[in-house]
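All remarks here apply to the structure that follows.
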Amino acid sequence: MTGGPLERDVVSPLPDVDETDIEASLRPKQLAEFVGQPKVREQLQVVLESAMRRNRPPDHVLLSGPPGLGKTSLAMIIAAELGAPFRLTSGPAIERAGDLAALLTSLGEGEVLFIDEIHRIARPAEELLYMAMEDFRVDVMVGKGPGATAIPLDLAPFTLVGATTRAGLLTGPLRDRFGFTGHMDFYDVAELELVLHRSAQLLGVRLTPEGGAEIASRSRGTPRIANRLLRRVRDFAEVRADGIVTSAVAHDALAVYDVDELGLDRLDKAVLNALVRRFGGGPVGVSTLAVAVGEEIETVQEVAEPFLVRAGLLARTPRGRVATPAAWHHLGIQPPPGSGAPTLFDA
Ligand SMILES: Nc1ncnc2c1ncn2[C@@H]1O[C@H](COP(=O)(O)OP(=O)(O)OP(=O)(O)O)[C@@H](O)[C@H]1O
Ligand SMILES: [Mg+2]
């Protein structure tokens with residue numbers, strides 16, 4: 001994911017540039033430690049256990065969902081649960097099929113290869129991946145031009161874990177080669193409270209139940225944001241209070257950091273503002289909306305919209321994006337009569 005102007009936003013779901021170390025220290029290491037996503041967790045548990053009983057690498061796993069919900073963490077957990085080495089790369093990093101072939105042939109038996117942002121892999125590399133995933137084979141091209149020959153090479157059986165924020169962008173043949181797809185959804189407040197108390201313990205932060213509830217409700221359904229807000233509120237508690245994160249301390253700190261009650265970030269607010277104030281609540285096409293907020297269409301679709309839809313503030317209709325009455329109210333504006341909520345007749 002690209003950061004751009006959002007990088008320094010305290011409620012952005014994207015990772016901050018200097019956040020990798022702290023994120024790594026807070027990552028759950030085992031499935032049992034992984035909070036929330038009960039369905040994905042249970043299904044994955046069965047997939048992993050049956051593979052271990054058969055003493056075979058499990059089927060390839062695809063994890064899809066918005067940023068910051070734990071796809072990378074879960075991929076690492078898969079390797080840890082299997083006791084297998086973990087290798088990490090990303091779609092954009094694999095530019096040539098040859099790079100991928102070299103990586104695949106270097107994998108040992110049972111290794112877990114994680115490809116982040118797999119929907120952005122280059123087409124020739126993707127085609128090579130088909131055979132690798134299905135038959136554990138790759139054709140390595142030797143020579144150039146008419147004299148080039150393809151030499152088939154066997155691979156050690158491995159497990160591919162792919163992550164994507166846009167499962168819809170995956171080609172059919174690639175999607176079909178994953179034996180298991182886990183759809184990650186936003187976390188509810190109770191789950192985020194568990195994430196926060198676990199992190200507080202690891203960081204040595206004293207967090208009261210009410211303090212946790214206050215932060216959780218403004219974390220935009222996203223553990224990455226919850227953990228970041230916890231650190232900011234802790235700073236505030238140390239400087240302005242006695243170090244204990246109570247509800248009042250959390251409330252005051254989040255006001256200082258400009259986090260609104262729903263935890264909407266700058267892009268969320270820009271999208272809502274444009275939709276309501278410039279386009280009268282819609283419907284308006286996503287590309288027009290993206291231009292209005294000065295962002296890529298992809299970013300609006302992958303980062304802002306999933307949460308706005310989930311929060312009941314934005315609806316996707318066949319004619320375009322529409323602000324719901326709740327969105328108008330959130331901006332403190334009275335919705336015009338008959339606005340927002342799409343009806344049967346819009347379809
Ligand atoms: N279920 C969870 N339980 C506890 N902590 C979590 C959980 N999911 C995510 N986290 C925390 O949130 C942070 C971000 O998670 P992670 O990097 O796995 O998200 P991601 O989905 O891979 O994001 P991106 O799409 O940006 O790559 C991690 O450092 C971890 O501490
Ligand atoms: Mg990730």
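The way I read the labels, and the way they are meant: chains A, B, ... in the order of the structure tokens, residue 1 as the first residue of every chain, and ligand 1 as the first ligand shown, with later ones counted on from there.
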Enumerate, in order of chain and increasing residue number, the residues of chain A with an atom no farther than 7 Å from ligand 2, each with its shortest atom pair and distance in Å to one decimal, counting only C-alpha atoms and all ligand atoms, as a Markdown table.
```
| residue | atom | partner | partner_atom_place_in_ligand_line | distance |
| --- | --- | --- | --- | --- |
| A:Pro67 | CA | ligand 2 | 1 (Mg) | 6.9 |
| A:Gly68 | CA | ligand 2 | 1 (Mg) | 6.8 |
| A:Gly70 | CA | ligand 2 | 1 (Mg) | 6.8 |
| A:Lys71 | CA | ligand 2 | 1 (Mg) | 5.4 |
| A:Thr72 | CA | ligand 2 | 1 (Mg) | 4.1 |
| A:Asp116 | CA | ligand 2 | 1 (Mg) | 6.5 |
```
Restricted to N, CA and C atoms, what would the selected residues look like written as an mmCIF file, in the first residue's frame?
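See out.cif below for the written result:
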```cif
data_model
loop_
_atom_site.group_PDB
_atom_site.id
_atom_site.type_symbol
_atom_site.label_atom_id
_atom_site.label_comp_id
_atom_site.auth_asym_id
_atom_site.auth_seq_id
_atom_site.Cartn_x
_atom_site.Cartn_y
_atom_site.Cartn_z
ATOM 1 N N PRO A 67 -6.493 -3.118 4.943
ATOM 2 C CA PRO A 67 -5.203 -3.024 5.623
ATOM 3 C C PRO A 67 -5.314 -3.016 7.148
ATOM 4 N N GLY A 68 -4.316 -3.604 7.791
ATOM 5 C CA GLY A 68 -4.196 -3.508 9.237
ATOM 6 C C GLY A 68 -5.047 -4.473 10.034
ATOM 7 N N GLY A 70 -4.572 -7.820 10.091
ATOM 8 C CA GLY A 70 -3.825 -8.982 10.571
ATOM 9 C C GLY A 70 -3.491 -10.040 9.539
ATOM 10 N N LYS A 71 -3.447 -9.677 8.263
ATOM 11 C CA LYS A 71 -3.125 -10.679 7.240
ATOM 12 C C LYS A 71 -1.674 -11.150 7.359
ATOM 13 N N THR A 72 -0.753 -10.205 7.503
ATOM 14 C CA THR A 72 0.657 -10.582 7.633
ATOM 15 C C THR A 72 0.873 -11.380 8.918
ATOM 16 N N ASP A 116 2.716 -10.869 -0.267
ATOM 17 C CA ASP A 116 1.812 -9.783 0.113
ATOM 18 C C ASP A 116 1.374 -9.060 -1.158
#
```
Would you name the residues within 7 Å of ligand 1, counting only C-alpha atoms and all ligand atoms, and put them as a count of residues only? 28
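You will find CA of Ile244 (chain A) at 16.6 Å from CA of Arg228 (chain A).
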Which residues are near region 122-124 of chain A? Cut-off 10 Å, only C-alpha atoms, ignore same chain within fewer than 2 positions. Put them as a PyMOL selection string. chain A and resi 91-98+100+118-120+126-129+171
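Taking CA of Tyr187 (chain A) and CA of Ala292 (chain A) as endpoints, the distance between them is 29.4 Å.
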Name the residues in contact with Val61 (chain A) at a cut-off of 6 Å, using only C-alpha atoms, excluding same-chain residues fewer than 6 positions from it; report them as a list in words.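 Counting only the stated atoms, we get Val161, Phe178, Phe180 and Thr181 of chain A.
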For CA of Phe236 (chain A) and CA of Leu196 (chain A), determine how far apart the two atoms are, in Å to one decimal place. 16.3 Å
